[in-house]
Structure formats: structure tokens, C-alpha cells
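Source file: start26.cif; contents: mmCIF, C-alpha atoms.
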data_data
#
loop_
_atom_site.label_atom_id
_atom_site.label_comp_id
_atom_site.auth_asym_id
_atom_site.auth_seq_id
_atom_site.Cartn_x
_atom_site.Cartn_y
_atom_site.Cartn_z
CA MET A 1 197.52 -88.90 -16.60
CA PRO A 2 199.29 -87.85 -13.36
CA ALA A 3 197.06 -87.81 -10.31
CA PRO A 4 196.62 -84.61 -8.32
CA ALA A 5 198.54 -84.13 -5.11
CA ALA A 6 197.17 -86.32 -2.37
CA SER A 7 196.78 -83.75 0.42
CA THR A 8 197.96 -80.47 1.82
CA GLY A 9 197.45 -79.72 5.47
CA GLY A 10 195.08 -82.66 5.88
CA LYS A 11 192.85 -81.73 2.92
CA LYS A 12 192.95 -83.55 -0.38
CA ILE A 13 193.60 -81.43 -3.47
CA LEU A 14 191.09 -82.37 -6.15
CA TYR A 15 192.41 -80.22 -9.02
CA TYR A 16 193.89 -76.81 -9.87
CA ARG A 17 191.86 -74.03 -11.48
CA ASN A 18 192.90 -71.08 -13.62
CA PRO A 19 193.83 -68.03 -11.46
CA MET A 20 191.97 -65.67 -13.84
CA GLY A 21 188.72 -67.63 -13.59
CA LEU A 22 189.00 -69.20 -17.04
CA PRO A 23 187.22 -72.56 -17.40
CA ASP A 24 190.34 -74.76 -17.81
CA THR A 25 191.59 -76.87 -14.90
CA SER A 26 194.64 -79.04 -14.29
CA PRO A 27 195.17 -82.18 -12.21
CA VAL A 28 198.71 -81.02 -11.35
CA PRO A 29 200.27 -77.68 -10.35
CA LYS A 30 201.01 -75.41 -13.33
CA GLN A 31 201.22 -71.79 -14.39
CA ASP A 32 199.24 -69.83 -16.94
CA SER A 33 200.73 -67.88 -19.85
CA MET A 34 201.38 -64.92 -17.57
CA GLY A 35 203.31 -67.00 -15.05
CA MET A 36 200.54 -67.07 -12.42
CA ASP A 37 200.15 -70.28 -10.39
CA TYR A 38 196.95 -72.24 -10.77
CA ILE A 39 194.87 -72.26 -7.56
CA PRO A 40 194.32 -75.56 -5.73
CA VAL A 41 190.75 -76.65 -5.09
CA TYR A 42 190.47 -78.77 -1.95
CA GLU A 43 188.05 -81.49 -1.14
CA GLY A 44 184.83 -80.08 0.24
CA GLU A 45 185.06 -76.59 -1.31
CA ASP A 46 183.56 -75.18 -4.49
CA GLN A 47 181.69 -78.42 -5.07
CA PRO A 48 178.20 -78.09 -6.57
CA ASP A 49 175.46 -80.37 -5.36
CA ASP A 50 172.60 -81.69 -7.46
CA SER A 51 170.71 -78.36 -7.17
CA GLY A 52 173.69 -76.34 -8.44
CA THR A 53 174.51 -74.90 -5.00
CA VAL A 54 178.23 -74.47 -4.34
CA LYS A 55 179.87 -74.81 -0.95
CA ILE A 56 182.86 -72.60 -0.23
CA SER A 57 185.05 -72.79 2.83
CA PRO A 58 184.96 -69.93 5.35
CA GLU A 59 188.64 -69.23 4.68
CA ARG A 60 188.03 -68.75 0.97
CA ILE A 61 184.94 -66.63 1.59
CA GLN A 62 187.11 -64.31 3.62
CA ARG A 63 189.85 -64.37 1.01
CA LEU A 64 187.41 -63.50 -1.78
CA GLY A 65 185.95 -60.60 0.18
CA VAL A 66 182.37 -61.83 -0.16
CA ARG A 67 179.68 -59.44 1.09
CA THR A 68 175.94 -60.05 1.03
CA GLU A 69 172.80 -57.93 1.33
CA ILE A 70 169.19 -58.77 2.17
CA VAL A 71 166.69 -58.57 -0.68
CA GLU A 72 163.92 -56.22 0.44
CA ARG A 73 161.30 -53.84 -0.84
CA ARG A 74 162.31 -50.21 -1.30
CA PRO A 75 161.14 -47.14 -3.23
CA LEU A 76 162.94 -47.05 -6.57
CA THR A 77 163.37 -43.64 -8.12
CA ARG A 78 165.88 -42.63 -10.77
CA PRO A 79 166.73 -39.09 -11.83
CA VAL A 80 166.55 -38.38 -15.56
CA ARG A 81 168.94 -35.51 -16.20
CA ALA A 82 168.58 -32.94 -18.96
CA THR A 83 169.24 -29.31 -19.79
CA GLY A 84 166.59 -26.72 -20.52
CA THR A 85 165.69 -23.05 -20.58
CA VAL A 86 163.36 -20.89 -18.53
CA GLN A 87 160.35 -19.61 -20.48
CA PHE A 88 157.30 -17.50 -19.71
CA ASP A 89 154.14 -19.44 -18.91
CA GLU A 90 152.07 -19.03 -22.07
CA ARG A 91 148.86 -19.15 -20.03
CA ARG A 92 149.95 -16.14 -17.95
CA GLN A 93 150.40 -13.67 -20.79
CA ALA A 94 148.06 -11.02 -22.17
CA ILE A 95 148.01 -8.64 -25.12
CA VAL A 96 146.19 -5.33 -24.57
CA ALA A 97 144.61 -3.90 -27.74
CA LEU A 98 141.57 -1.80 -28.70
CA LEU A 99 138.80 -2.73 -31.10
CA PHE A 100 138.11 0.90 -31.96
CA GLU A 101 140.23 3.79 -33.18
CA GLY A 102 141.61 6.57 -31.01
CA TRP A 103 144.71 8.26 -29.64
CA ILE A 104 146.80 7.65 -26.53
CA GLU A 105 146.23 10.69 -24.34
CA THR A 106 148.20 9.57 -21.28
CA LEU A 107 150.50 6.62 -20.56
CA VAL A 108 150.45 5.28 -17.01
CA ALA A 109 152.54 2.16 -17.66
CA SER A 110 155.17 4.12 -19.50
CA ALA A 111 158.15 1.73 -19.59
CA THR A 112 158.96 -1.91 -20.22
CA GLY A 113 159.32 -3.67 -16.89
CA ASP A 114 156.66 -1.66 -15.08
CA PRO A 115 154.71 -3.88 -12.66
CA VAL A 116 150.93 -3.70 -12.92
CA LYS A 117 147.96 -5.08 -11.01
CA ARG A 118 144.76 -6.35 -12.50
CA GLY A 119 142.35 -3.44 -13.01
CA GLU A 120 144.99 -0.73 -12.63
CA PRO A 121 145.15 1.87 -15.46
CA LEU A 122 147.63 1.34 -18.27
CA ALA A 123 146.70 4.39 -20.36
CA THR A 124 143.99 6.94 -21.10
CA ILE A 125 142.51 6.71 -24.60
CA TYR A 126 140.90 9.59 -26.53
CA SER A 127 138.32 8.25 -29.03
CA PRO A 128 135.47 10.00 -30.88
CA ALA A 129 134.31 6.54 -32.01
CA LEU A 130 133.88 5.54 -28.39
CA LEU A 131 131.92 8.72 -27.65
CA LEU A 132 129.46 7.99 -30.47
CA ALA A 133 128.93 4.41 -29.30
CA GLU A 134 128.29 5.52 -25.72
CA GLN A 135 125.89 8.24 -26.85
CA ASP A 136 123.88 5.69 -28.87
CA TYR A 137 123.63 3.44 -25.81
CA VAL A 138 122.54 6.26 -23.47
CA LEU A 139 119.95 7.53 -25.96
CA ALA A 140 118.62 4.02 -26.46
CA ARG A 141 118.14 3.58 -22.73
CA ARG A 142 116.36 6.93 -22.42
CA SER A 143 114.24 6.49 -25.56
CA THR A 144 110.47 6.13 -25.15
CA SER A 145 110.01 4.94 -28.72
CA ALA A 146 108.67 1.51 -29.47
CA VAL A 147 111.70 0.46 -31.49
CA ALA A 148 112.33 -3.05 -30.18
CA GLY A 149 115.87 -4.07 -29.27
CA LEU A 150 117.44 -0.61 -29.69
CA GLU A 151 119.14 -0.76 -26.30
CA VAL A 152 120.26 -4.34 -26.84
CA THR A 153 121.86 -3.42 -30.17
CA ALA A 154 123.68 -0.43 -28.67
CA LEU A 155 124.90 -2.60 -25.77
CA GLN A 156 126.17 -5.27 -28.16
CA ARG A 157 128.08 -2.62 -30.07
CA LEU A 158 129.89 -1.53 -26.92
CA ARG A 159 130.80 -5.11 -26.11
CA VAL A 160 132.02 -5.80 -29.64
CA MET A 161 134.30 -2.78 -29.19
CA ARG A 162 135.54 -4.43 -25.97
CA VAL A 163 134.57 -1.48 -23.82
CA PRO A 164 135.30 -2.53 -20.21
CA GLU A 165 132.30 -3.75 -18.23
CA ALA A 166 133.01 -1.16 -15.54
CA GLU A 167 132.46 1.60 -18.12
CA ILE A 168 129.22 0.01 -19.34
CA GLU A 169 127.98 -0.28 -15.78
CA ARG A 170 128.72 3.43 -15.24
CA LEU A 171 126.53 4.31 -18.22
CA ARG A 172 123.80 1.95 -17.01
CA ARG A 173 123.72 3.79 -13.69
CA GLY A 174 123.09 7.09 -15.50
CA GLY A 175 126.58 8.28 -16.30
CA GLU A 176 127.16 10.59 -19.22
CA PRO A 177 129.01 9.52 -22.41
CA ARG A 178 132.72 10.32 -22.41
CA ILE A 179 135.29 10.75 -25.16
CA THR A 180 138.10 9.29 -23.05
CA LEU A 181 138.52 5.81 -21.60
CA THR A 182 140.87 4.48 -18.94
CA LEU A 183 142.38 1.23 -20.23
CA PRO A 184 142.77 -1.30 -17.35
CA ALA A 185 145.33 -4.11 -16.98
CA PRO A 186 143.68 -7.52 -17.55
CA ILE A 187 146.12 -9.44 -15.29
CA ASP A 188 148.71 -8.99 -12.55
CA GLY A 189 152.14 -8.92 -14.13
CA VAL A 190 154.95 -6.99 -15.75
CA VAL A 191 155.02 -5.03 -18.99
CA ILE A 192 157.41 -6.90 -21.30
CA GLU A 193 156.50 -5.13 -24.55
CA LYS A 194 155.16 -1.59 -24.98
CA PRO A 195 154.56 -0.41 -28.54
CA ALA A 196 152.31 2.30 -27.08
CA ILE A 197 153.69 5.85 -27.18
CA GLN A 198 151.94 8.87 -25.74
CA GLY A 199 150.03 10.75 -28.42
CA MET A 200 150.17 7.97 -31.02
CA ARG A 201 147.15 7.12 -33.12
CA ILE A 202 145.66 3.69 -32.48
CA THR A 203 144.08 1.54 -35.19
CA THR A 204 141.61 -1.25 -34.51
CA GLY A 205 143.36 -4.35 -33.14
CA GLU A 206 146.78 -2.74 -32.78
CA PRO A 207 148.71 -4.20 -29.77
CA LEU A 208 149.54 -1.60 -27.15
CA PHE A 209 150.97 -3.64 -24.27
CA LYS A 210 152.13 -7.21 -23.67
CA LEU A 211 151.94 -8.34 -20.06
CA VAL A 212 153.19 -11.48 -18.36
CA ASP A 213 152.56 -12.86 -14.88
CA LEU A 214 155.91 -14.03 -13.50
CA SER A 215 154.57 -15.71 -10.36
CA ALA A 216 155.10 -19.04 -12.15
CA VAL A 217 157.32 -19.93 -15.12
CA TRP A 218 158.15 -22.94 -17.26
CA VAL A 219 161.40 -24.78 -17.72
CA VAL A 220 161.38 -26.62 -21.03
CA ALA A 221 163.92 -29.48 -20.84
CA ASP A 222 165.35 -31.48 -23.74
CA VAL A 223 165.11 -35.10 -22.56
CA PRO A 224 166.97 -37.80 -24.55
CA GLU A 225 164.63 -39.98 -26.57
CA THR A 226 165.94 -43.07 -24.75
CA GLU A 227 164.79 -41.68 -21.39
CA VAL A 228 161.38 -40.27 -22.27
CA ALA A 229 159.52 -43.54 -21.62
CA ASP A 230 160.14 -43.01 -17.90
CA ILE A 231 158.73 -39.47 -17.81
CA ARG A 232 155.18 -38.94 -16.53
CA VAL A 233 153.04 -35.87 -15.98
CA GLY A 234 153.03 -35.03 -12.27
CA GLN A 235 156.61 -36.14 -11.54
CA MET A 236 158.75 -33.84 -9.45
CA ALA A 237 161.81 -32.14 -10.91
CA ALA A 238 164.79 -30.40 -9.29
CA ILE A 239 166.16 -27.40 -11.19
CA THR A 240 169.43 -25.55 -10.75
CA THR A 241 170.77 -22.58 -12.71
CA THR A 242 174.21 -21.10 -13.18
CA ALA A 243 172.87 -17.79 -11.87
CA TYR A 244 171.96 -19.16 -8.44
CA GLY A 245 174.39 -22.05 -8.11
CA ASP A 246 173.32 -24.59 -5.50
CA SER A 247 170.18 -22.62 -4.68
CA GLY A 248 167.72 -24.90 -6.44
CA PHE A 249 164.07 -24.82 -7.43
CA THR A 250 161.40 -27.51 -7.48
CA GLY A 251 158.80 -27.97 -10.17
CA THR A 252 156.30 -30.44 -11.59
CA VAL A 253 156.18 -32.01 -15.05
CA ASN A 254 152.93 -30.80 -16.63
CA TYR A 255 153.35 -31.61 -20.32
CA ILE A 256 155.39 -33.86 -22.63
CA TYR A 257 155.58 -32.49 -26.15
CA PRO A 258 154.39 -34.81 -28.95
CA SER A 259 157.43 -34.72 -31.25
CA VAL A 260 161.13 -35.63 -31.27
CA ALA A 261 163.76 -33.16 -32.46
CA ARG A 262 165.40 -34.79 -35.48
CA GLU A 263 168.78 -33.14 -34.98
CA THR A 264 169.24 -33.96 -31.27
CA ARG A 265 166.84 -36.92 -30.81
CA THR A 266 165.37 -35.26 -27.74
CA VAL A 267 161.82 -34.67 -26.54
CA ARG A 268 160.80 -31.40 -24.91
CA VAL A 269 159.33 -31.77 -21.42
CA ARG A 270 157.62 -28.82 -19.75
CA ILE A 271 158.05 -28.23 -16.02
CA GLU A 272 156.04 -25.65 -14.11
CA ILE A 273 157.83 -23.81 -11.29
CA ALA A 274 156.53 -21.33 -8.73
CA ASN A 275 158.46 -18.05 -9.04
CA PRO A 276 156.99 -15.72 -6.39
CA GLU A 277 160.20 -13.68 -6.04
CA GLU A 278 160.64 -13.51 -9.83
CA ARG A 279 164.20 -14.82 -9.55
CA LEU A 280 163.92 -16.98 -12.65
CA LYS A 281 164.26 -15.00 -15.88
CA ALA A 282 163.26 -15.99 -19.39
CA ASP A 283 165.97 -17.81 -21.38
CA MET A 284 168.07 -18.71 -18.32
CA LEU A 285 169.86 -22.04 -18.77
CA ALA A 286 168.79 -24.73 -16.32
CA SER A 287 169.94 -28.19 -15.29
CA VAL A 288 167.01 -30.51 -14.66
CA ALA A 289 166.73 -33.78 -12.72
CA ILE A 290 163.32 -35.43 -13.05
CA ALA A 291 162.55 -38.05 -10.41
CA THR A 292 161.28 -41.06 -12.35
CA GLY A 293 160.33 -44.51 -11.15
CA ASP A 294 157.82 -45.72 -8.60
CA SER A 295 157.78 -44.38 -5.05
CA ALA A 296 155.80 -47.50 -3.99
CA PRO A 297 158.25 -50.05 -2.49
CA GLN A 298 159.39 -52.77 -4.92
CA LEU A 299 161.50 -55.88 -4.44
CA ALA A 300 165.03 -54.86 -5.40
CA VAL A 301 168.62 -56.08 -5.50
CA PRO A 302 171.78 -53.95 -5.64
CA GLU A 303 173.30 -53.28 -9.04
CA SER A 304 176.52 -55.02 -7.95
CA ALA A 305 174.61 -58.25 -7.26
CA VAL A 306 173.52 -58.73 -10.87
CA ILE A 307 175.81 -60.63 -13.26
CA ASP A 308 174.85 -59.98 -16.88
CA ASP A 309 176.34 -62.04 -19.73
CA GLY A 310 174.18 -60.42 -22.39
CA THR A 311 171.65 -63.24 -22.55
CA ARG A 312 170.71 -63.74 -18.90
CA ARG A 313 171.01 -62.08 -15.52
CA VAL A 314 172.20 -64.08 -12.53
CA VAL A 315 172.48 -63.40 -8.82
CA LEU A 316 174.23 -65.52 -6.21
CA ILE A 317 171.98 -66.48 -3.31
CA ASP A 318 173.66 -67.00 0.07
CA LYS A 319 172.11 -70.21 1.43
CA GLY A 320 174.16 -70.09 4.64
CA ASP A 321 177.00 -72.31 5.89
CA GLY A 322 179.17 -71.23 2.94
CA ARG A 323 176.66 -72.40 0.32
CA PHE A 324 175.86 -70.18 -2.70
CA GLU A 325 173.27 -70.79 -5.38
CA PRO A 326 173.45 -69.11 -8.82
CA ARG A 327 169.92 -68.08 -9.82
CA THR A 328 168.58 -66.50 -12.99
CA VAL A 329 166.46 -63.39 -12.37
CA THR A 330 164.21 -61.09 -14.39
CA ILE A 331 164.87 -57.43 -13.65
CA GLY A 332 163.44 -54.06 -14.63
CA ARG A 333 165.16 -50.77 -15.45
CA LYS A 334 167.83 -49.72 -12.97
CA ALA A 335 166.87 -47.01 -10.50
CA GLY A 336 169.86 -45.47 -8.76
CA ALA A 337 172.01 -48.30 -7.38
CA TYR A 338 169.23 -50.94 -7.50
CA TYR A 339 167.34 -53.09 -9.97
CA PRO A 340 163.67 -53.99 -9.43
CA VAL A 341 163.33 -57.78 -9.47
CA LEU A 342 160.31 -59.11 -11.33
CA GLU A 343 161.13 -62.79 -10.90
CA GLY A 344 163.77 -65.05 -9.40
CA VAL A 345 164.28 -64.02 -5.76
CA SER A 346 162.12 -63.61 -2.70
CA ASP A 347 161.87 -61.00 0.00
CA GLY A 348 164.37 -61.71 2.79
CA GLU A 349 166.87 -63.78 0.78
CA ARG A 350 170.51 -62.74 0.78
CA VAL A 351 172.43 -62.00 -2.41
CA VAL A 352 176.17 -61.62 -2.93
CA VAL A 353 177.02 -57.98 -3.65
CA SER A 354 180.81 -58.08 -3.58
CA ALA A 355 183.37 -60.77 -4.42
CA THR A 356 186.78 -60.28 -5.95
CA PHE A 357 186.23 -63.08 -8.51
CA LEU A 358 183.10 -61.45 -10.00
CA ILE A 359 184.14 -58.81 -12.53
CA ASP A 360 181.53 -56.68 -14.24
CA SER A 361 182.56 -57.37 -17.82
CA GLU A 362 181.28 -59.83 -20.38
CA SER A 363 184.67 -61.37 -21.04
CA ASN A 364 185.16 -62.50 -17.42
CA LEU A 365 181.53 -63.15 -16.56
CA ARG A 366 181.27 -66.53 -18.22
CA ALA A 367 184.52 -67.59 -16.61
CA ALA A 368 183.23 -66.53 -13.20
CA LEU A 369 180.10 -68.62 -13.64
CA LYS A 370 182.22 -71.60 -14.71
CA THR A 371 183.59 -71.80 -11.16
CA PHE A 372 180.14 -73.05 -10.18
CA THR A 373 180.29 -76.09 -12.49
CA PRO A 374 182.17 -79.37 -11.86
CA PRO A 375 185.62 -79.73 -13.44
CA GLU A 376 185.96 -81.79 -16.58
CA ALA A 377 186.70 -85.42 -15.96
CA GLN A 378 190.41 -85.96 -15.69
#
Before anything else, please render the file you have as C-alpha cells.
Amino acid sequence: MPAPAASTGGKKILYYRNPMGLPDTSPVPKQDSMGMDYIPVYEGEDQPDDSGTVKISPERIQRLGVRTEIVERRPLTRPVRATGTVQFDERRQAIVALLFEGWIETLVASATGDPVKRGEPLATIYSPALLLAEQDYVLARRSTSAVAGLEVTALQRLRVMRVPEAEIERLRRGGEPRITLTLPAPIDGVVIEKPAIQGMRITTGEPLFKLVDLSAVWVVADVPETEVADIRVGQMAAITTTAYGDSGFTGTVNYIYPSVARETRTVRVRIEIANPEERLKADMLASVAIATGDSAPQLAVPESAVIDDGTRRVVLIDKGDGRFEPRTVTIGRKAGAYYPVLEGVSDGERVVVSATFLIDSESNLRAALKTFTPPEAQ
């Protein structure tokens, strides 16, 4: 077999390697199937020692465009992106109904959208049934008979009818029974439904008003099933809407629903958002980015430093003086542009993050790693 060229510029040529990084070598100059010249490998460069470390000349390091980065601890967060809709907070809603019959004499909150404050009047109710119940209570309090529990029974009747405590207290202080009752708002909020109409007859349990407090709302996001393992209650979320463009909102994940939608393979995640100016409206579309990961610093390497051939992950450690050591690592889920490293490297080591001969594809990865093994015996 012909021997390789003796020397070029004072350095002995050991063999020629494939220009595309493939594992074949040649003892003599040749071209590949595409007409590209094989690259000479000189004595003293690209030679692995017993530990697997490869030494590369400074000229070739510069030619390859090798860059390195220090392995260090850093917070690793990764946004999980999803779409969702704005919804009313179910815990901030109230239905106003009566547990006795009557008629609406006057409407104070007369239109959908009217703002109300807790305790403010919604309507005035005319009710003979209420008058009878109040008369029974007043008579029971004034009675000198020995009938035990008469007052207690009359009081319980008023409370079963859901007569406001303020009205009961008025009677207790000596007020006279009345045939009308002012119906107060149970919460601060806005009227979103108003079946009540002035003069209408009211039956027991019939809804008159539906109120909602808009000071906080929910965004319910549809998170892909593959991402839900990273979602935790308490994580922060950034929300944007088409209505307000880049003017974003911040919320907190407060519930992860217990089922997966069969059609979309998504899990609903509920985010609570303060809405003091009531800018967010129900059923608005929203884009959501939930900050997942661990804010506590973790040992991490850049994404570009990790070579993945499908069965193992390798990084190249810069040992100094042109020496590089391939090392298998165990990594976690990528967060942004970094991988957390569970095993394989130490804090302060340098890893290669950029080299023109490392291509992020499975087909070229094995060939790239072959450059760190000795050539076949010629």
C-alpha cells in the first residue's frame, strides 16, 4: 500500500480524512464522490491519547471556528406557550333570588351592565308573605304568653325566607312590620343578567339578578398534553390579547384541570389575573406564556454544546492547549437555550459551543465523533 506523503512544510502527513467528516480515511491524496479533496492530518494534530482526549493545532482551531463557554449554575426557566380565553371568576359571581313570593315594585339596578356595591339596593319588593312573617316575629317578641320558643320559631322563619339581617335587626330594635323590602346587592360587581322587570310577579327561588365581580378574572389556557408535566400551581404567566396588543398582563396558575380533551390532547390550565380597570372581557382570546422550570440556579450547558446521536449525549470539554475531551453527559429538559446537566461535567469546565465540523443532525453526528478516534491501520 502506498505510504502517505512524507512532509509538508516541515510536518509529516499521517493520513487524509474525508472532507464531510465521514469515517473513511486514505493514506494518499484523493477526492470524494463529489470531487472534494480529502483533508490532510498532520503529525501532532487530532491524535487521541489514552484517555480519549484529542489535541488540535491552534491553526485548525481557528479554521474550525471553535468557541467555548464556561459551565456554570444559572436559573433555568422555559415558557410553555398556549392559547386561552378570558372567563369570569366563578368564585366572584352571585345570583340574587327570593325565597318568598312577591312583586317587583321598583328597580334600582335597571339595566345589564349597571355597577353595584355590596349592600346597595337592587330593587324594592312588595310581598304580603313577608308582611305576615314579620308580624309573627314582632308579636312573638311582644307576647307575654308562656309558649316556649315562639320567638325563636318566628325568627327561624324569617331566616329561612332569607330576609336580610339588617331588616331583622330593625324589627328587633322595635321597628314595625313592613310589606316592602329593599333587596341589597350581596357583592361588589356588575349586573350581567337581569331577568327582573318592574312590576313582575316573583315566585320562590326565581333568579332576579346575576352579578359578577370583575376585579379579577380567569384565563383558561389549553396546554398541550406533552407540556403539562412542567406546569405547577403558583407559576407566573404572561398574557397578551389581540385587543391590547403588546400591553400585557401577568397572572398566576391556580388550578390544573384533571382531564385531557380527547379531540385536541390538551389540558386546561386556569390562571388568575388582577383586572382592577376591567379591561379584560369575558371570551377574549389570549396568548399565554407560563414560566416553567426552576428559578434556583442549576448547572447548565448551552444547547449548542450537546451532541445527540439518539442513544447518548456528548459534550466536548476544552482541556486547554488545544486538547478536547468528548464526554457523555446526562441532561434534563431544555429550558430556553440551555440544558440542565445532571451528570458528566463540573462547574467551571469549558465546553465547545460552536465548531463548523459539528452539525446538529443524526446523519453527521456519528461522523463528527469519528474524528476523535484513531484512523484504521493502513
Using all atoms listed in the file, list the residues that have an atom at most 12 Å from (164.1, -23.3, -22.1), coordinates as in the file, as a PyMOL selection string. chain A and resi 82-89+217-223+239+241+268-272+280-288
Long-range neighbours of Ser295 (chain A) as an MDAnalysis selection string, 10 Å cut-off, all atoms listed in the file, 5 positions minimum in chain: chainID A and resid 74:77
Residues near region 110-123 of chain A, anyone? I mean within 7 Å using all atoms listed in the file, not counting same-chain ones fewer than 2 positions away, as an MDAnalysis selection string. chainID A and resid 104 106:108 125 182:194
Between CA of Val306 (chain A) and CA of Val353 (chain A), measure the distance and give it in Å to one decimal. 8.1 Å
Which residues fall under the PyMOL selection byres ((chain A and resi 95) around 6) in this file, as a count of residues only? 4
Long-range neighbours of Pro29 (chain A) as a short mmCIF file (atom, residue, chain, number, x, y, z; two decimals) with C-alpha atoms, in the frame of the given file, 10 Å cut-off, all atoms listed in the file, 4 positions minimum in chain:
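Full text of part.cif as output:
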data_model
loop_
_atom_site.label_atom_id
_atom_site.label_comp_id
_atom_site.auth_asym_id
_atom_site.auth_seq_id
_atom_site.Cartn_x
_atom_site.Cartn_y
_atom_site.Cartn_z
CA PRO A 4 196.62 -84.61 -8.32
CA ALA A 5 198.54 -84.13 -5.11
CA TYR A 15 192.41 -80.22 -9.02
CA TYR A 16 193.89 -76.81 -9.87
CA ARG A 17 191.86 -74.03 -11.48
CA THR A 25 191.59 -76.87 -14.90
CA ASP A 37 200.15 -70.28 -10.39
CA TYR A 38 196.95 -72.24 -10.77
CA ILE A 39 194.87 -72.26 -7.56
CA PRO A 40 194.32 -75.56 -5.73
#
Expand the PyMOL selection byres ((chain A and resi 200-206) around 7) into the explicit residue set it covers here, and present it as JSON, numbers by chain. {"A": [97, 98, 99, 100, 101, 102, 103, 104, 197, 198, 199, 207, 208]}
Identify which of the residues A:Tyr126, A:Thr180, A:Pro326, A:Val80 lies closest to Glu225 (chain A), counting all atoms listed in the file when measuring atom-to-atom distances.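 For Glu225 (chain A), the nearest of the candidates is A:Val80.
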Subset file as a compact mmCIF listing (two decimals), in the first residue's frame: region 234-242 of chain A, all heavy atoms:
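This went into part01.txt:
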# COMPACT_ATOMS: atom_id res chain seq x y z
N GLY A 234 -48.99 28.09 41.09
CA GLY A 234 -48.14 29.14 41.62
C GLY A 234 -47.18 29.73 40.61
O GLY A 234 -46.57 30.78 40.87
N GLN A 235 -47.02 29.09 39.44
CA GLN A 235 -46.13 29.64 38.42
C GLN A 235 -46.72 30.91 37.81
O GLN A 235 -47.93 31.06 37.71
CB GLN A 235 -45.89 28.59 37.32
CG GLN A 235 -45.03 27.43 37.78
CD GLN A 235 -44.94 26.32 36.74
OE1 GLN A 235 -45.83 26.15 35.92
NE2 GLN A 235 -43.88 25.54 36.79
N MET A 236 -45.83 31.80 37.40
CA MET A 236 -46.25 33.05 36.80
C MET A 236 -46.54 32.85 35.31
O MET A 236 -45.93 32.01 34.65
CB MET A 236 -45.18 34.13 36.98
CG MET A 236 -44.86 34.44 38.43
SD MET A 236 -46.30 35.03 39.35
CE MET A 236 -46.62 36.58 38.49
N ALA A 237 -47.48 33.64 34.81
CA ALA A 237 -47.84 33.55 33.39
C ALA A 237 -47.98 34.95 32.83
O ALA A 237 -48.51 35.85 33.48
CB ALA A 237 -49.14 32.78 33.22
N ALA A 238 -47.48 35.13 31.60
CA ALA A 238 -47.63 36.40 30.87
C ALA A 238 -48.73 36.22 29.85
O ALA A 238 -48.75 35.23 29.11
CB ALA A 238 -46.31 36.78 30.20
N ILE A 239 -49.65 37.18 29.80
CA ILE A 239 -50.82 37.09 28.92
C ILE A 239 -50.87 38.31 28.02
O ILE A 239 -50.71 39.45 28.49
CB ILE A 239 -52.12 36.97 29.74
CG1 ILE A 239 -52.19 35.64 30.47
CG2 ILE A 239 -53.34 37.11 28.86
CD1 ILE A 239 -51.67 35.69 31.88
N THR A 240 -51.09 38.07 26.74
CA THR A 240 -51.34 39.16 25.80
C THR A 240 -52.65 38.87 25.06
O THR A 240 -53.04 37.71 24.92
CB THR A 240 -50.20 39.32 24.78
OG1 THR A 240 -50.00 38.08 24.10
CG2 THR A 240 -48.91 39.75 25.47
N THR A 241 -53.30 39.92 24.60
CA THR A 241 -54.55 39.78 23.86
C THR A 241 -54.47 40.59 22.58
O THR A 241 -53.70 41.55 22.48
CB THR A 241 -55.75 40.28 24.69
OG1 THR A 241 -55.58 41.69 24.95
CG2 THR A 241 -55.85 39.53 26.02
N THR A 242 -55.28 40.20 21.60
CA THR A 242 -55.30 40.96 20.36
C THR A 242 -55.89 42.35 20.59
O THR A 242 -55.56 43.30 19.88
CB THR A 242 -56.14 40.22 19.30
OG1 THR A 242 -57.44 39.93 19.85
CG2 THR A 242 -55.48 38.91 18.91
